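To be precise, the following lines are final.cif, and they hold mmCIF, C-alpha atoms.
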```cif
data_work
loop_
_atom_site.label_atom_id
_atom_site.label_comp_id
_atom_site.auth_asym_id
_atom_site.auth_seq_id
_atom_site.Cartn_x
_atom_site.Cartn_y
_atom_site.Cartn_z
CA MET X 1 144.24 80.61 181.97
CA THR X 2 142.39 80.04 178.71
CA GLN X 3 142.85 77.40 176.07
CA VAL X 4 142.90 78.71 172.50
CA GLU X 5 143.44 77.15 169.13
CA ASN X 6 147.14 76.85 168.40
CA ARG X 7 148.21 79.15 165.59
CA PRO X 8 151.65 79.46 164.00
CA LEU X 9 153.74 82.30 165.37
CA THR X 10 155.19 84.87 163.05
CA ALA X 11 158.33 86.92 163.39
CA THR X 12 156.51 90.23 162.91
CA PRO X 13 157.60 92.60 165.70
CA GLY X 14 154.80 93.06 168.24
CA SER X 15 152.69 90.27 166.75
CA LEU X 16 152.14 88.66 170.17
CA VAL X 17 150.96 91.84 171.89
CA GLY X 18 147.24 91.64 172.49
CA ARG X 19 146.96 88.07 171.21
CA PRO X 20 145.49 85.26 173.31
CA VAL X 21 148.36 82.87 173.99
CA ASP X 22 147.77 79.30 175.01
CA ARG X 23 148.77 78.46 178.57
CA VAL X 24 149.89 74.86 178.66
CA ASP X 25 148.16 74.01 181.96
CA GLY X 26 145.20 76.33 181.44
CA THR X 27 142.56 73.73 180.68
CA ALA X 28 143.73 71.41 183.46
CA LYS X 29 143.54 74.15 186.11
CA THR X 30 140.29 75.76 185.04
CA SER X 31 138.51 72.41 184.69
CA GLY X 32 139.75 71.01 188.00
CA ALA X 33 141.76 68.28 186.31
CA ALA X 34 145.04 69.58 187.74
CA ARG X 35 145.87 67.54 190.83
CA PHE X 36 147.40 69.64 193.58
CA SER X 37 149.45 68.37 196.50
CA ALA X 38 146.45 67.81 198.79
CA GLU X 39 144.61 65.67 196.27
CA TYR X 40 146.68 62.48 196.08
CA PRO X 41 144.88 59.47 197.56
CA TYR X 42 146.72 57.13 199.93
CA ALA X 43 145.43 54.23 201.99
CA ASP X 44 145.27 54.98 205.74
CA LEU X 45 145.83 58.68 205.09
CA ALA X 46 145.92 60.75 208.29
CA HIS X 47 145.48 64.50 208.64
CA ALA X 48 147.52 67.05 210.58
CA ALA X 49 146.83 70.48 212.06
CA LEU X 50 149.16 72.96 213.71
CA VAL X 51 149.02 74.65 217.10
CA TYR X 52 150.46 78.16 216.99
CA ALA X 53 152.23 80.20 219.64
CA THR X 54 150.14 83.14 220.80
CA VAL X 55 153.02 85.28 222.05
CA SER X 56 155.88 86.94 220.21
CA ARG X 57 158.87 85.82 222.30
CA ALA X 58 158.85 83.30 225.12
CA ARG X 59 159.96 80.03 226.59
CA ILE X 60 157.35 77.29 226.82
CA THR X 61 156.76 76.29 230.45
CA GLY X 62 154.02 73.72 229.90
CA ILE X 63 151.86 72.02 227.28
CA ASP X 64 148.66 70.22 228.29
CA THR X 65 147.67 67.79 225.55
CA ALA X 66 145.26 65.61 227.56
CA ALA X 67 142.05 67.10 226.13
CA ALA X 68 143.43 67.01 222.60
CA SER X 69 144.54 63.40 222.91
CA ALA X 70 141.06 62.43 224.13
CA VAL X 71 139.35 63.59 220.92
CA ASP X 72 138.02 60.61 219.00
CA GLY X 73 140.33 59.77 216.09
CA VAL X 74 143.46 61.54 217.35
CA LEU X 75 146.58 59.49 216.65
CA SER X 76 149.30 61.69 218.10
CA VAL X 77 149.96 65.12 219.57
CA ILE X 78 153.57 66.01 218.84
CA THR X 79 155.32 68.73 220.86
CA HIS X 80 158.90 69.56 221.78
CA LEU X 81 158.49 67.12 224.68
CA ASN X 82 158.05 64.04 222.49
CA ALA X 83 159.19 64.96 218.96
CA PRO X 84 162.11 62.96 217.57
CA PRO X 85 165.23 65.04 216.95
CA MET X 86 165.79 66.66 213.57
CA LYS X 87 168.94 68.24 212.27
CA PRO X 88 168.75 72.03 212.68
CA PRO X 89 168.41 74.15 209.54
CA ARG X 90 171.72 74.90 207.88
CA PRO X 91 172.88 78.52 207.69
CA VAL X 92 172.84 80.11 204.26
CA ASN X 93 175.85 79.07 202.22
CA TYR X 94 176.15 80.39 198.67
CA MET X 95 178.23 77.37 197.75
CA ASN X 96 175.10 75.29 198.45
CA LEU X 97 172.11 77.19 197.13
CA SER X 98 169.59 74.78 198.65
CA THR X 99 170.39 76.41 202.01
CA LEU X 100 168.53 79.49 200.74
CA ALA X 101 165.32 77.52 201.31
CA SER X 102 165.90 77.11 205.06
CA ALA X 103 163.28 79.79 205.90
CA THR X 104 164.41 80.08 209.53
CA SER X 105 167.05 78.97 212.00
CA VAL X 106 164.32 77.70 214.36
CA ASN X 107 164.29 73.91 214.72
CA TYR X 108 160.54 73.35 214.95
CA LEU X 109 159.40 71.18 217.90
CA ASN X 110 163.00 70.55 218.88
CA THR X 111 163.10 73.65 221.06
CA ASP X 112 161.06 75.17 223.89
CA GLU X 113 161.77 78.69 222.62
CA VAL X 114 159.19 80.84 220.81
CA HIS X 115 160.56 83.38 218.34
CA TRP X 116 157.36 84.78 216.82
CA ASN X 117 153.62 84.86 217.33
CA GLY X 118 152.40 82.00 215.15
CA GLN X 119 155.40 79.71 215.47
CA PRO X 120 154.14 76.10 215.51
CA VAL X 121 154.44 74.65 219.01
CA ALA X 122 152.56 71.39 218.37
CA VAL X 123 151.11 69.31 215.56
CA VAL X 124 148.05 67.11 215.96
CA VAL X 125 147.60 64.03 213.76
CA ALA X 126 144.19 62.39 213.46
CA GLU X 127 142.10 60.11 211.30
CA THR X 128 140.13 63.07 209.92
CA LEU X 129 140.81 66.73 209.28
CA ASP X 130 137.92 67.75 211.55
CA ALA X 131 139.33 65.75 214.45
CA ALA X 132 142.81 67.18 213.94
CA GLN X 133 141.53 70.76 213.88
CA GLU X 134 139.27 70.22 216.90
CA ALA X 135 142.09 68.71 218.93
CA ALA X 136 144.54 71.44 217.91
CA GLY X 137 142.20 73.97 219.49
CA LEU X 138 142.31 72.06 222.79
CA VAL X 139 146.09 72.09 223.27
CA ALA X 140 146.86 74.46 226.16
CA VAL X 141 150.27 76.10 226.21
CA THR X 142 151.76 78.22 228.99
CA TYR X 143 154.72 80.56 228.51
CA GLU X 144 157.35 82.58 230.28
CA GLU X 145 157.15 85.67 228.12
CA LEU X 146 160.38 87.40 227.13
CA PRO X 147 161.07 90.89 225.74
CA ALA X 148 160.15 91.29 222.09
CA THR X 149 160.36 94.04 219.48
CA VAL X 150 157.28 93.98 217.29
CA ASP X 151 156.66 97.59 216.21
CA PHE X 152 158.47 98.10 212.89
CA ALA X 153 158.04 101.88 212.85
CA ALA X 154 159.27 102.25 216.42
CA GLU X 155 162.35 100.13 215.75
CA GLU X 156 163.33 101.77 212.46
CA GLY X 157 166.00 103.86 214.16
CA ASN X 158 167.62 100.73 215.59
CA ALA X 159 168.11 99.04 212.22
CA THR X 160 171.51 97.48 211.62
CA PRO X 161 173.35 97.80 208.28
CA GLN X 162 172.99 94.90 205.87
CA LYS X 163 176.15 92.86 205.45
CA SER X 164 177.54 92.32 201.99
CA SER X 165 177.32 88.86 200.45
CA PRO X 166 178.17 87.32 197.07
CA VAL X 167 174.69 88.22 195.81
CA ASP X 168 173.73 91.27 197.88
CA SER X 169 175.62 94.50 198.38
CA GLY X 170 175.56 95.91 201.86
CA GLY X 171 175.61 99.44 200.46
CA ALA X 172 177.76 101.81 198.47
CA LYS X 173 178.99 105.37 198.90
CA LYS X 174 180.74 107.78 196.59
CA GLY X 175 181.66 111.29 197.61
CA ASP X 176 179.74 113.37 200.18
CA ALA X 177 176.13 113.12 199.06
CA VAL X 178 174.83 114.75 202.25
CA ALA X 179 176.88 117.88 201.69
CA ALA X 180 176.05 117.96 197.99
CA LEU X 181 172.35 117.68 198.76
CA ALA X 182 172.54 120.55 201.25
CA ALA X 183 174.35 122.74 198.70
CA ALA X 184 172.07 121.91 195.78
CA PRO X 185 169.86 124.81 194.62
CA VAL X 186 167.11 122.32 193.71
CA SER X 187 166.31 119.24 195.76
CA VAL X 188 163.66 116.74 196.72
CA ASP X 189 163.76 114.57 199.82
CA LEU X 190 160.95 112.05 200.06
CA ARG X 191 160.05 109.10 202.27
CA PHE X 192 158.10 106.11 200.97
CA THR X 193 156.63 103.19 202.89
CA THR X 194 155.34 99.78 201.86
CA PRO X 195 153.24 97.57 204.15
CA GLY X 196 153.73 93.88 204.76
CA HIS X 197 151.84 91.51 202.45
CA ASN X 198 150.84 87.88 202.91
CA HIS X 199 150.51 85.19 200.28
CA ASN X 200 146.99 84.24 199.19
CA ALA X 201 147.56 81.59 196.54
CA LEU X 202 144.50 79.90 195.03
CA GLU X 203 146.00 76.65 196.27
CA PRO X 204 146.92 77.25 199.93
CA HIS X 205 150.11 75.62 201.11
CA ALA X 206 149.60 71.89 201.52
CA THR X 207 151.82 68.83 201.87
CA THR X 208 151.23 65.09 201.58
CA ALA X 209 154.09 63.02 203.00
CA VAL X 210 154.64 59.26 202.84
CA TRP X 211 157.52 57.32 204.41
CA ASP X 212 158.51 53.81 203.35
CA GLY X 213 161.39 52.97 205.64
CA ASP X 214 163.93 55.72 204.98
CA THR X 215 162.42 56.57 201.60
CA LEU X 216 160.23 59.66 201.51
CA VAL X 217 157.70 60.82 198.93
CA VAL X 218 156.37 64.36 199.30
CA HIS X 219 153.65 66.03 197.25
CA GLU X 220 154.31 69.75 197.52
CA GLY X 221 153.53 72.86 195.53
CA ALA X 222 157.21 73.73 195.26
CA GLN X 223 158.96 76.21 192.99
CA ASN X 224 162.26 74.36 193.37
CA VAL X 225 161.91 70.63 193.96
CA ALA X 226 165.68 70.12 194.27
CA TRP X 227 165.92 72.59 197.15
CA VAL X 228 162.97 70.98 198.92
CA ARG X 229 164.50 67.53 198.43
CA ASP X 230 167.87 68.60 199.81
CA GLN X 231 166.31 70.41 202.78
CA LEU X 232 164.20 67.41 203.78
CA ALA X 233 167.10 64.99 203.30
CA TRP X 234 169.24 67.11 205.61
CA ARG X 235 166.59 67.68 208.29
CA PHE X 236 165.61 63.99 208.47
CA ASP X 237 169.11 62.58 207.97
CA VAL X 238 168.49 60.53 204.83
CA PRO X 239 170.31 60.64 201.49
CA PRO X 240 168.87 63.10 198.93
CA ALA X 241 168.35 60.12 196.59
CA SER X 242 165.86 58.74 199.14
CA VAL X 243 163.60 61.80 198.88
CA ARG X 244 161.22 62.33 195.98
CA VAL X 245 159.36 65.64 195.70
CA ILE X 246 156.42 65.68 193.30
CA ALA X 247 155.16 69.08 192.14
CA PRO X 248 153.50 69.02 188.70
CA PHE X 249 151.63 72.25 189.51
CA VAL X 250 152.83 75.02 191.79
CA GLY X 251 149.38 76.43 192.51
CA GLY X 252 150.50 79.99 193.23
CA ALA X 253 153.81 81.20 194.58
CA PHE X 254 155.45 84.65 194.14
CA GLY X 255 158.22 83.37 196.43
CA GLY X 256 155.86 81.71 198.91
CA LYS X 257 156.64 78.23 197.63
CA THR X 258 160.38 78.54 197.19
CA THR X 259 161.21 78.10 200.87
CA VAL X 260 160.56 75.00 202.97
CA TRP X 261 158.15 76.33 205.57
CA ALA X 262 156.96 74.82 208.85
CA GLY X 263 153.97 73.01 207.36
CA THR X 264 156.18 70.94 205.08
CA ILE X 265 158.70 70.01 207.77
CA LEU X 266 156.06 69.10 210.33
CA THR X 267 153.96 67.06 207.90
CA VAL X 268 157.01 64.94 207.13
CA LEU X 269 157.75 64.70 210.86
CA ALA X 270 154.14 63.64 211.58
CA ALA X 271 154.31 60.94 208.92
CA ARG X 272 157.51 59.57 210.43
CA VAL X 273 156.08 59.59 213.98
CA THR X 274 152.79 57.90 213.08
CA GLY X 275 154.04 55.59 210.35
CA ARG X 276 151.10 56.72 208.24
CA PRO X 277 150.77 58.90 205.13
CA VAL X 278 149.95 62.36 206.45
CA ARG X 279 148.41 65.41 204.80
CA MET X 280 148.42 68.96 206.10
CA MET X 281 146.48 71.75 204.43
CA LEU X 282 147.23 75.15 205.93
CA THR X 283 144.29 77.41 206.58
CA ARG X 284 144.60 81.05 205.54
CA GLU X 285 145.53 81.78 209.15
CA GLY X 286 148.17 79.09 208.95
CA VAL X 287 149.64 80.63 205.80
CA PHE X 288 149.75 84.09 207.39
CA ARG X 289 151.42 82.77 210.55
CA THR X 290 153.98 80.34 209.15
CA VAL X 291 154.75 81.38 205.56
CA GLY X 292 157.01 84.34 204.93
CA GLY X 293 155.63 87.22 202.91
CA ARG X 294 156.65 90.65 201.72
CA THR X 295 158.04 92.54 204.68
CA PRO X 296 157.30 96.20 205.45
CA SER X 297 159.87 98.75 204.37
CA THR X 298 160.69 102.44 204.41
CA GLN X 299 162.67 104.17 201.69
CA ARG X 300 164.29 107.59 201.66
CA VAL X 301 165.05 109.00 198.21
CA ALA X 302 166.74 112.39 198.05
CA ILE X 303 168.03 114.09 194.89
CA GLY X 304 169.96 117.31 194.54
CA ALA X 305 170.44 119.13 191.24
CA GLU X 306 171.61 122.33 189.63
CA THR X 307 169.03 124.68 188.13
CA ASP X 308 169.83 123.32 184.68
CA GLY X 309 168.79 119.82 185.84
CA ARG X 310 172.25 118.36 186.29
CA MET X 311 172.10 115.92 189.21
CA THR X 312 174.66 116.55 191.95
CA ALA X 313 173.48 114.29 194.78
CA LEU X 314 171.58 111.04 195.20
CA ILE X 315 170.75 109.40 198.50
CA HIS X 316 168.72 106.21 198.73
CA THR X 317 168.36 104.37 202.04
CA SER X 318 166.08 101.45 202.79
CA VAL X 319 165.00 99.81 206.02
CA THR X 320 163.17 96.48 205.98
CA ARG X 321 162.24 93.77 208.43
CA VAL X 322 164.04 90.43 208.12
#
```

Could the structure of this file be written out as structure tokens, please?
Amino acid sequence: MTQVENRPLTATPGSLVGRPVDRVDGTAKTSGAARFSAEYPYADLAHAALVYATVSRARITGIDTAAASAVDGVLSVITHLNAPPMKPPRPVNYMNLSTLASATSVNYLNTDEVHWNGQPVAVVVAETLDAAQEAAGLVAVTYEELPATVDFAAEEGNATPQKSSPVDSGGAKKGDAVAALAAAPVSVDLRFTTPGHNHNALEPHATTAVWDGDTLVVHEGAQNVAWVRDQLAWRFDVPPASVRVIAPFVGGAFGGKTTVWAGTILTVLAARVTGRPVRMMLTREGVFRTVGGRTPSTQRVAIGAETDGRMTALIHTSVTRV
């Protein structure tokens, strides 16, 4: 991200290779002039912090918010017991691409069910970030734990085939590759694995949300502002024209800021409940627990060939967590 003197480009092949090329937002980002989504000032701004489930699959049997509510500066502790209803996320529909940003089918704080360790089960809103974080640590949640499958390697054999869709093929087969591989005089049969990876953007996920009646302004590091707008309009039952998403700088992404994650939804919910502008800045733990990343996978690649190198068989299978 360096700023260099602009020079005219030439049509010489390869003339750009090895040259410093001006990045339009380079100076703004490296000097701190770029304003990210957690840096917009608003009068009476409140701060929010999440409370995360500590079990992988469960039903919530109780939430004690008394200690959290007693922290000086706390405005509200929102749980499934007092959260206003939101429309549930829409299923993916390739005729409406904004549904690709749903992230999950879980309707945060509108359900007593826990579907993963780290699912938000409460959001605390306070006058200061310190008060919100302190109070979030005092919310006590009890669960009826339910069976869960959490070991990817152990569950690999139980994987179900991917269904075909307009943009993804569920698989393809031509001939009998297994037999051809067994008959091939030369073959390789290898297994590869990739671990899960979390996002670590320089600008962690953050949202500033402001309601004015049924008009919503959201500052968000979004890769697709139209999808975010449409998702929020649907979830909070307002027209898309009433939602404005401002994202002059993404602040890191690699897919992590395409989807509308829990922090965004619950910041907007907190602003509606309190009637105040609300900001939520996810900690690194919050990013790891609520933002999707690269899932683990295993790949089998097997190739059969004649001794002259002519390929006679190819098998490629992949198993990944969704």

A straight line from atom CA of X:Ile60 to atom CA of X:Met86 spans 19.0 Å

Taking the file as I've supplied it (selection: the PyMOL selection byres ((chain X and resi 113) around 8)), which residues are included? Please answer as a ChimeraX atom specification. /X:57-60,111-112,114-115

Pull out every residue that the PyMOL selection byres ((chain X and resi 148) around 8) matches in the shown coordinates and put them as an MDAnalysis selection string. chainID X and resid 56:57 146:147 149:150

For the residues in the current selection, export C-alpha atoms as an mmCIF file, keeping the file's coordinate frame.
```cif
data_model
loop_
_atom_site.group_PDB
_atom_site.id
_atom_site.type_symbol
_atom_site.label_atom_id
_atom_site.label_comp_id
_atom_site.auth_asym_id
_atom_site.auth_seq_id
_atom_site.Cartn_x
_atom_site.Cartn_y
_atom_site.Cartn_z
ATOM 1 C CA SER X 56 155.880 86.940 220.210
ATOM 2 C CA ARG X 57 158.870 85.820 222.300
ATOM 3 C CA LEU X 146 160.380 87.400 227.130
ATOM 4 C CA PRO X 147 161.070 90.890 225.740
ATOM 5 C CA THR X 149 160.360 94.040 219.480
ATOM 6 C CA VAL X 150 157.280 93.980 217.290
#
```

From the set X:Thr207, X:Ser165, X:Gln133, X:Thr54, which residue has the shortest atom-to-atom contact distance to X:Leu266, counting all atoms listed in the file? X:Thr207

Which value, in Å to one decimal, gives the distance between atom CA of X:Ala177 and atom CA of X:Gln299?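 Atom CA of X:Gln299 lies 16.4 Å from atom CA of X:Ala177.
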
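By chain and then residue number, the residues within 12 Å of X:Asn158 are Thr149, Asp151, Phe152, Ala153, Ala154, Glu155, Pro161, Val319, Thr320 and Arg321 of chain X, counting all atoms listed in the file and disregarding those fewer than 3 positions away in sequence.
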
Spatial neighbours of X:Asp214, 9 Å, only C-alpha atoms, chain gap at least 5 places, as a VMD selection string: chain X and resid 238 to 239 242 to 243

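Remark: for X:Gly286, the closest of the candidate residues X:Val51, X:Met95, X:Leu202, X:Leu129 is X:Val51 (distances computed over all atoms listed in the file).
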
Residues within 8 Å of X:Val139, only C-alpha atoms, excluding chain neighbours under 3 positions, as a ChimeraX atom specification: /X:51,63-68,135-136

Kindly list the centre and edge lengths in Å, rounded to one decimal, for the axis-aligned box that covers all listed atoms of stretch 133-142 of chain X plus 4 Å on each of its six sides, as AutoDock Vina command-line options.
```
--center_x 145.5 --center_y 73.5 --center_z 221.4 --size_x 20.5 --size_y 17.5 --size_z 23.1
```

Selection under test: the PyMOL selection byres ((chain X and resi 206) around 12); residues as a PyMOL selection string: chain X and resi 36-40+47-49+201-205+207-209+218-222+247+250-252+256-257+260-268+278-284+286-287+291

Using all atoms listed in the file, pick whichever of X:Asn224, X:Thr259, X:Ser297, X:Thr312 has the shortest atom-to-atom distance to X:Thr193.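 So, comparing all the options, the nearest one is X:Ser297.
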
Let me make sure I understand: among X:Ala241, X:Ala28, X:Ala159, X:Val123, which one has the smallest atom-to-atom distance to X:Thr317 if we use all atoms listed in the file?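 Looking at the shortest contact to X:Thr317, the residue is X:Ala159.
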
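With all atoms listed in the file taken into account, every residue lying no more than 7 Å from the file point (155.3, 62.2, 213.5) is included here: Ile78, Leu269, Ala270, Ala271, Arg272, Val273 and Thr274 of chain X.
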
Report, in Å with one decimal, the straight-line distance from atom CA of X:Arg276 to atom CA of X:Gly292.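 Atom CA of X:Gly292 lies 28.4 Å from atom CA of X:Arg276.
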
Given all atoms listed in the file as the counted atoms, nearest of X:Leu75, X:Glu134, X:Tyr108, X:Ala313 to X:Ala179: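 Closest candidate: X:Ala313.
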
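Compared by their closest atoms to X:Val322, and using all atoms listed in the file, the residues X:Gly196, X:Gly309, X:Gly275, X:Pro248 rank with X:Gly196 nearest.
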
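Every protein, DNA or RNA residue with an atom at most 9 Å from X:Asn82, where only C-alpha atoms count and chain neighbours fewer than 4 positions away do not, is listed here: Val77, Ile78, Leu109 and Asn110 of chain X.
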
Could you give me, as a ChimeraX atom specification, the residues that sit within 9 Å of (163.2, 76.0, 199.9) in the file's coordinates, counting all atoms listed in the file? /X:98-103,222-231,257-261

Just the residues within 10 Å of X:Lys87, please, counting all atoms listed in the file, with nothing from its chain fewer than 2 positions along; format it as a list of chain:residue names. X:Pro85, X:Pro89, X:Arg90, X:Asn107, X:Asn110, X:Leu232, X:Ala233, X:Trp234, X:Arg235, X:Phe236, X:Asp237
